[in-house]
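Student: Please find one structure pasted underneath; my questions will follow.
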Amino acid sequence: MMHIEIKIKRGSLTLVSSPDGEFHLESDPPCPVLNKGHEVIVDAERVSGSVRMTCQIPESAALDASLGRGPLEADGLSVERGDLNVGLGNAHLTALQRGHWDVNVGKGDLRVEKAQGSFDLNVGMGTCELSQVSGSVDLNDGLGRISLEECEGHYDINAGKGDVTWTHGGGELDINAGMGNVTISGARGAKLDVNAGLGKVTLANGVWGTADVSVGVGDVSAEGRFDHLTVQVKNRGRIEFAFPFDVGARIEASTEHGRVISHLPLIPVGHAGPQRGERLVGVVGDGRSQIELETRRGNIVVGQTPGEQHPDSAPPDLEGQRRTILAALQAGEITVEEADALLEQLDHSV
């Protein structure tokens with residue numbers, strides 16, 4: 001395996017695939033090249049002025065490239081390992097075929113398009129945009145917007161300060177946002193974890209297996225199909241949840257300081273400890289989806305989105321509500337007296 005090391009203090013660096021499996025260099029001004037068998041070293045750090053360099057990289061090479069100041073572009077590479085570092089400048093990576101990529105941008109924007117492989121992406125200050133990237137991705141951005149479109153795979157995203165937007169695609173997503181909004185639209189996958197300190201979280205038109213959303217301060221809006229959805233607002237924020245008419249769900253919604261607003265057959269039950277706020281539980285349809293919504297301070301709104309069959313004329317699911325009451329009693333969530341009162345209320349509603 002060939003090891004290629006490139007160092008530039010200031011200028012521009014373009015990396016492309018080698019058509020003949022050999023390393024080739026074009027540089028203005030010319031730069032010294034040290035070729036030691038399977039190791040190639042290009043050191044332009046001592047070259048005065050700006051350097052414009054284009055390198056052809058052979059397949060399956062190990063690549064280390066650093067650029068102090070200036071833009072970096074990589075197109076169509078297929079390497080065993082790529083380590084790219086830009087101190088001040090933008091980085092644009094396109095059509096990367098495979099390999100593990102470690103990319104660091106101190107101050108500047110990072111764009112990755114139509115790529116597959118394993119990625120460790122770090123941006124200190126700047127935006128990060130990914131489009132049609134598949135594989136395993138660890139993405140960290142200290143200050144800047146993160147945008148992902150039609151991406152697939154396992155993603156671990158950490159955003160210090162800046163919005164995170166994900167459109168279509170999906171997989172297994174773990175998103176941590178310190179300060180900024182998180183918006184996920186039209187995505188699907190087996191698992192979704194969102195932790196936000198301060199900001200709004202929006203899940204729109206998604207299909208997820210398990211989804212966990214935790215917010216310190218901020219509103220949460222969730223719409224779509226979930227096998228299991230848990231939403232927790234730890235301090236202050238409103239929760240809105242809507243699911244299709246053809247989806248059955250067991251729903252539990254509680255707020256310490258606020259109201260639960262729902263036109264679905266949810267039943268009010270008491271909180272453990274001093275009575276305050278509202279807590280509603282209920283079953284809609286077959287109750288297959290498990291929905292848990294909780295906020296400390298704020299209202300919760302539960303509804304349904306249009307579907308092929310509108311349930312307005314359908315009778316209430318009394319048997320499902322009875323099962324919910326008995327399950328709450330068995331779990332110790334309500335007292336025997338509360339369960340008797342709720343069951344009697346159901347009988348009178350027939």
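Identifiers for the structure tokens are assigned positionally: chains receive A, B, ... in sequence, residues are indexed from 1 per chain, and ligands are indexed from 1 in the order shown.
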Do a neighbour search on region 194-210 of chain A at 8 Å with only C-alpha atoms, toss out local chain neighbours closer than 5 positions, and write the hits as a PyMOL selection string.
Tutor: chain A and resi 174-189+215-229
Student: For the selection you just gave me, I'd like the residues written to a file as a PDB file, in the first residue's frame, keeping N, CA and C atoms.
Tutor:
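Okay, this is what ended up in again-v9.pdb:
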ATOM      1  N   ASP A 174     -28.264   9.531  15.741  1.00  0.00           N
ATOM      2  CA  ASP A 174     -28.061  10.008  17.107  1.00  0.00           C
ATOM      3  C   ASP A 174     -27.624  11.461  16.994  1.00  0.00           C
ATOM      4  N   ILE A 175     -28.508  12.388  17.396  1.00  0.00           N
ATOM      5  CA  ILE A 175     -28.265  13.815  17.205  1.00  0.00           C
ATOM      6  C   ILE A 175     -28.243  14.509  18.558  1.00  0.00           C
ATOM      7  N   ASN A 176     -27.157  15.234  18.821  1.00  0.00           N
ATOM      8  CA  ASN A 176     -27.026  16.038  20.028  1.00  0.00           C
ATOM      9  C   ASN A 176     -26.803  17.486  19.614  1.00  0.00           C
ATOM     10  N   ALA A 177     -27.701  18.369  20.057  1.00  0.00           N
ATOM     11  CA  ALA A 177     -27.629  19.783  19.694  1.00  0.00           C
ATOM     12  C   ALA A 177     -27.626  20.622  20.962  1.00  0.00           C
ATOM     13  N   GLY A 178     -26.588  21.443  21.121  1.00  0.00           N
ATOM     14  CA  GLY A 178     -26.517  22.286  22.305  1.00  0.00           C
ATOM     15  C   GLY A 178     -27.473  23.455  22.238  1.00  0.00           C
ATOM     16  N   MET A 179     -27.366  24.254  21.171  1.00  0.00           N
ATOM     17  CA  MET A 179     -28.226  25.416  20.990  1.00  0.00           C
ATOM     18  C   MET A 179     -28.564  25.536  19.512  1.00  0.00           C
ATOM     19  N   GLY A 180     -29.816  25.267  19.177  1.00  0.00           N
ATOM     20  CA  GLY A 180     -30.246  25.328  17.785  1.00  0.00           C
ATOM     21  C   GLY A 180     -31.425  24.411  17.541  1.00  0.00           C
ATOM     22  N   ASN A 181     -32.132  24.648  16.451  1.00  0.00           N
ATOM     23  CA  ASN A 181     -33.291  23.842  16.094  1.00  0.00           C
ATOM     24  C   ASN A 181     -32.865  22.573  15.362  1.00  0.00           C
ATOM     25  N   VAL A 182     -33.633  21.505  15.564  1.00  0.00           N
ATOM     26  CA  VAL A 182     -33.417  20.235  14.877  1.00  0.00           C
ATOM     27  C   VAL A 182     -34.669  19.922  14.068  1.00  0.00           C
ATOM     28  N   THR A 183     -34.522  19.771  12.750  1.00  0.00           N
ATOM     29  CA  THR A 183     -35.650  19.486  11.867  1.00  0.00           C
ATOM     30  C   THR A 183     -35.335  18.251  11.040  1.00  0.00           C
ATOM     31  N   ILE A 184     -36.187  17.225  11.148  1.00  0.00           N
ATOM     32  CA  ILE A 184     -36.020  15.979  10.400  1.00  0.00           C
ATOM     33  C   ILE A 184     -37.299  15.747   9.614  1.00  0.00           C
ATOM     34  N   SER A 185     -37.187  15.704   8.292  1.00  0.00           N
ATOM     35  CA  SER A 185     -38.366  15.647   7.431  1.00  0.00           C
ATOM     36  C   SER A 185     -38.241  14.525   6.408  1.00  0.00           C
ATOM     37  N   GLY A 186     -39.297  13.720   6.299  1.00  0.00           N
ATOM     38  CA  GLY A 186     -39.346  12.684   5.278  1.00  0.00           C
ATOM     39  C   GLY A 186     -38.321  11.592   5.438  1.00  0.00           C
ATOM     40  N   ALA A 187     -37.830  11.372   6.648  1.00  0.00           N
ATOM     41  CA  ALA A 187     -36.791  10.364   6.888  1.00  0.00           C
ATOM     42  C   ALA A 187     -37.398   9.123   7.528  1.00  0.00           C
ATOM     43  N   ARG A 188     -36.651   8.024   7.494  1.00  0.00           N
ATOM     44  CA  ARG A 188     -37.119   6.794   8.099  1.00  0.00           C
ATOM     45  C   ARG A 188     -35.918   6.007   8.584  1.00  0.00           C
ATOM     46  N   GLY A 189     -36.171   5.089   9.516  1.00  0.00           N
ATOM     47  CA  GLY A 189     -35.062   4.299  10.018  1.00  0.00           C
ATOM     48  C   GLY A 189     -35.458   3.467  11.209  1.00  0.00           C
ATOM     49  N   VAL A 215     -35.560  17.281  25.294  1.00  0.00           N
ATOM     50  CA  VAL A 215     -35.289  18.703  25.111  1.00  0.00           C
ATOM     51  C   VAL A 215     -35.243  19.375  26.477  1.00  0.00           C
ATOM     52  N   GLY A 216     -34.268  20.263  26.662  1.00  0.00           N
ATOM     53  CA  GLY A 216     -34.226  21.040  27.893  1.00  0.00           C
ATOM     54  C   GLY A 216     -35.268  22.134  27.882  1.00  0.00           C
ATOM     55  N   VAL A 217     -35.129  23.081  26.959  1.00  0.00           N
ATOM     56  CA  VAL A 217     -36.094  24.162  26.761  1.00  0.00           C
ATOM     57  C   VAL A 217     -36.383  24.263  25.275  1.00  0.00           C
ATOM     58  N   GLY A 218     -37.649  24.096  24.904  1.00  0.00           N
ATOM     59  CA  GLY A 218     -38.015  24.194  23.497  1.00  0.00           C
ATOM     60  C   GLY A 218     -39.237  23.362  23.180  1.00  0.00           C
ATOM     61  N   ASP A 219     -39.923  23.710  22.098  1.00  0.00           N
ATOM     62  CA  ASP A 219     -41.105  22.984  21.661  1.00  0.00           C
ATOM     63  C   ASP A 219     -40.708  21.758  20.846  1.00  0.00           C
ATOM     64  N   VAL A 220     -41.610  20.763  20.844  1.00  0.00           N
ATOM     65  CA  VAL A 220     -41.417  19.544  20.058  1.00  0.00           C
ATOM     66  C   VAL A 220     -42.662  19.298  19.219  1.00  0.00           C
ATOM     67  N   SER A 221     -42.471  19.081  17.925  1.00  0.00           N
ATOM     68  CA  SER A 221     -43.557  18.730  17.020  1.00  0.00           C
ATOM     69  C   SER A 221     -43.196  17.429  16.324  1.00  0.00           C
ATOM     70  N   ALA A 222     -44.036  16.401  16.484  1.00  0.00           N
ATOM     71  CA  ALA A 222     -43.764  15.086  15.902  1.00  0.00           C
ATOM     72  C   ALA A 222     -44.975  14.623  15.106  1.00  0.00           C
ATOM     73  N   GLU A 223     -44.724  14.255  13.862  1.00  0.00           N
ATOM     74  CA  GLU A 223     -45.795  13.771  12.987  1.00  0.00           C
ATOM     75  C   GLU A 223     -45.252  12.635  12.141  1.00  0.00           C
ATOM     76  N   GLY A 224     -45.960  11.501  12.144  1.00  0.00           N
ATOM     77  CA  GLY A 224     -45.502  10.376  11.350  1.00  0.00           C
ATOM     78  C   GLY A 224     -45.885   9.057  11.977  1.00  0.00           C
ATOM     79  N   ARG A 225     -45.162   8.006  11.590  1.00  0.00           N
ATOM     80  CA  ARG A 225     -45.412   6.650  12.068  1.00  0.00           C
ATOM     81  C   ARG A 225     -44.241   6.213  12.946  1.00  0.00           C
ATOM     82  N   PHE A 226     -44.567   5.768  14.146  1.00  0.00           N
ATOM     83  CA  PHE A 226     -43.545   5.360  15.108  1.00  0.00           C
ATOM     84  C   PHE A 226     -43.978   4.052  15.757  1.00  0.00           C
ATOM     85  N   ASP A 227     -43.057   3.093  15.854  1.00  0.00           N
ATOM     86  CA  ASP A 227     -43.332   1.916  16.673  1.00  0.00           C
ATOM     87  C   ASP A 227     -43.315   2.293  18.144  1.00  0.00           C
ATOM     88  N   HIS A 228     -42.359   3.119  18.513  1.00  0.00           N
ATOM     89  CA  HIS A 228     -42.250   3.582  19.905  1.00  0.00           C
ATOM     90  C   HIS A 228     -41.668   4.986  19.892  1.00  0.00           C
ATOM     91  N   LEU A 229     -42.421   5.938  20.414  1.00  0.00           N
ATOM     92  CA  LEU A 229     -41.974   7.330  20.478  1.00  0.00           C
ATOM     93  C   LEU A 229     -42.019   7.813  21.914  1.00  0.00           C
TER      94      LEU A 229
END
Student: Skipping near chain neighbours, those fewer than 2 positions away, what residues fall within 8 Å of region 247-261 of chain A using only C-alpha atoms, listed as a PyMOL selection string?
Tutor: chain A and resi 225+243-245+263+266+276-302
Student: Using the chain letters and numbers from this document, which residues of region 73-316 of chain A does DSSP assign to strand (DSSP E or B), as a ChimeraX atom specification?
Tutor: /A:73-75,81-88,91-94,100-107,110-125,128-143,146-161,164-179,182-185,188-198,201-217,220-236,239-244,249-257,260-262,267-268,278-284,289-297,300-305
Student: Take CA of Asp138 (chain A) and CA of Ala65 (chain A) and report the distance between them in Å, one decimal.
Tutor: 19.7 Å
Student: Of the candidates A:Ala242, A:Val47, A:Leu110, A:Ala190, which one gets nearest to Gly126 (chain A) if we count only C-alpha atoms?
Tutor: A:Leu110
Student: Would you mind reading off the distance between CA of Thr230 (chain A) and CA of Thr167 (chain A), one decimal, in Å?
Tutor: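 Value for the CA of Thr230 (chain A)-CA of Thr167 (chain A) distance: 21.2 Å.
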Student: Counting only C-alpha atoms, what is within 9 Å of Asp120 (chain A), bar same-chain residues fewer than 5 positions away, as a JSON list (two decimals) with N, CA and C atoms, in the first residue's frame?
Tutor:
[["chain", "number", "residue", "atom", "x", "y", "z"],
["A", 100, "HIS", "N", -11.84, 4.87, 4.93],
["A", 100, "HIS", "CA", -12.14, 5.65, 6.13],
["A", 100, "HIS", "C", -11.56, 7.05, 5.95],
["A", 101, "TRP", "N", -12.41, 8.06, 6.18],
["A", 101, "TRP", "CA", -12.01, 9.45, 5.97],
["A", 101, "TRP", "C", -12.08, 10.22, 7.28],
["A", 102, "ASP", "N", -10.96, 10.85, 7.61],
["A", 102, "ASP", "CA", -10.88, 11.72, 8.78],
["A", 102, "ASP", "C", -10.64, 13.13, 8.26],
["A", 103, "VAL", "N", -11.66, 13.98, 8.35],
["A", 103, "VAL", "CA", -11.60, 15.32, 7.75],
["A", 103, "VAL", "C", -11.79, 16.36, 8.85],
["A", 104, "ASN", "N", -10.85, 17.31, 8.92],
["A", 104, "ASN", "CA", -10.89, 18.36, 9.93],
["A", 104, "ASN", "C", -10.78, 19.72, 9.26],
["A", 136, "SER", "N", -21.03, 4.99, 7.67],
["A", 136, "SER", "CA", -20.95, 5.34, 9.08],
["A", 136, "SER", "C", -20.32, 6.72, 9.20],
["A", 137, "VAL", "N", -21.04, 7.64, 9.86],
["A", 137, "VAL", "CA", -20.59, 9.03, 9.90],
["A", 137, "VAL", "C", -20.61, 9.53, 11.34],
["A", 138, "ASP", "N", -19.47, 10.08, 11.77],
["A", 138, "ASP", "CA", -19.35, 10.78, 13.05],
["A", 138, "ASP", "C", -19.09, 12.24, 12.70],
["A", 139, "LEU", "N", -20.05, 13.11, 12.99],
["A", 139, "LEU", "CA", -19.99, 14.50, 12.55],
["A", 139, "LEU", "C", -20.05, 15.43, 13.75],
["A", 140, "ASN", "N", -19.08, 16.35, 13.83],
["A", 140, "ASN", "CA", -19.02, 17.32, 14.92],
["A", 140, "ASN", "C", -18.83, 18.72, 14.33]]
Student: With a distance cut-off of 10 Å and only C-alpha atoms, select the neighbouring residues of Ser134 (chain A), excluding the residue or stretch itself and same-chain residues fewer than 6 positions from it, and output the selection as a short mmCIF file (atom, residue, chain, number, x, y, z; two decimals) with N, CA and C atoms, in the first residue's frame.
Tutor:
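The file below, selection.cif, is the result:
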data_model
loop_
_atom_site.label_atom_id
_atom_site.label_comp_id
_atom_site.auth_asym_id
_atom_site.auth_seq_id
_atom_site.Cartn_x
_atom_site.Cartn_y
_atom_site.Cartn_z
N GLU A 113 -20.48 15.15 -0.97
CA GLU A 113 -21.56 14.79 -1.87
C GLU A 113 -21.30 13.44 -2.52
N LYS A 114 -22.37 12.64 -2.64
CA LYS A 114 -22.33 11.37 -3.37
C LYS A 114 -21.13 10.53 -2.96
N ALA A 115 -21.05 10.25 -1.68
CA ALA A 115 -19.90 9.53 -1.14
C ALA A 115 -20.36 8.35 -0.30
N GLN A 116 -19.49 7.35 -0.18
CA GLN A 116 -19.77 6.21 0.68
C GLN A 116 -18.48 5.76 1.36
N GLY A 117 -18.67 5.27 2.59
CA GLY A 117 -17.51 4.85 3.36
C GLY A 117 -17.72 5.13 4.83
N SER A 118 -16.63 5.28 5.53
CA SER A 118 -16.64 5.62 6.95
C SER A 118 -16.04 7.01 7.11
N PHE A 119 -16.75 7.88 7.84
CA PHE A 119 -16.34 9.28 7.91
C PHE A 119 -16.29 9.78 9.35
N GLU A 150 -30.85 13.21 1.82
CA GLU A 150 -30.79 11.88 1.20
C GLU A 150 -29.55 11.10 1.65
N CYS A 151 -29.29 11.14 2.93
CA CYS A 151 -28.16 10.41 3.51
C CYS A 151 -28.66 9.13 4.18
N GLU A 152 -27.85 8.08 4.13
CA GLU A 152 -28.22 6.78 4.68
C GLU A 152 -27.09 6.23 5.53
N GLY A 153 -27.46 5.50 6.60
CA GLY A 153 -26.45 4.82 7.38
C GLY A 153 -26.58 5.09 8.86
N HIS A 154 -25.45 4.96 9.54
CA HIS A 154 -25.38 5.19 10.98
C HIS A 154 -24.69 6.54 11.20
N TYR A 155 -25.43 7.47 11.83
CA TYR A 155 -24.93 8.83 11.99
C TYR A 155 -24.92 9.22 13.47
N GLY A 169 -33.91 10.18 3.31
CA GLY A 169 -32.88 9.26 3.77
C GLY A 169 -33.23 8.70 5.14
N GLY A 170 -32.21 8.30 5.88
CA GLY A 170 -32.43 7.79 7.23
C GLY A 170 -31.45 6.71 7.60
N GLY A 171 -31.84 5.90 8.58
CA GLY A 171 -30.98 4.85 9.10
C GLY A 171 -31.06 4.82 10.61
#
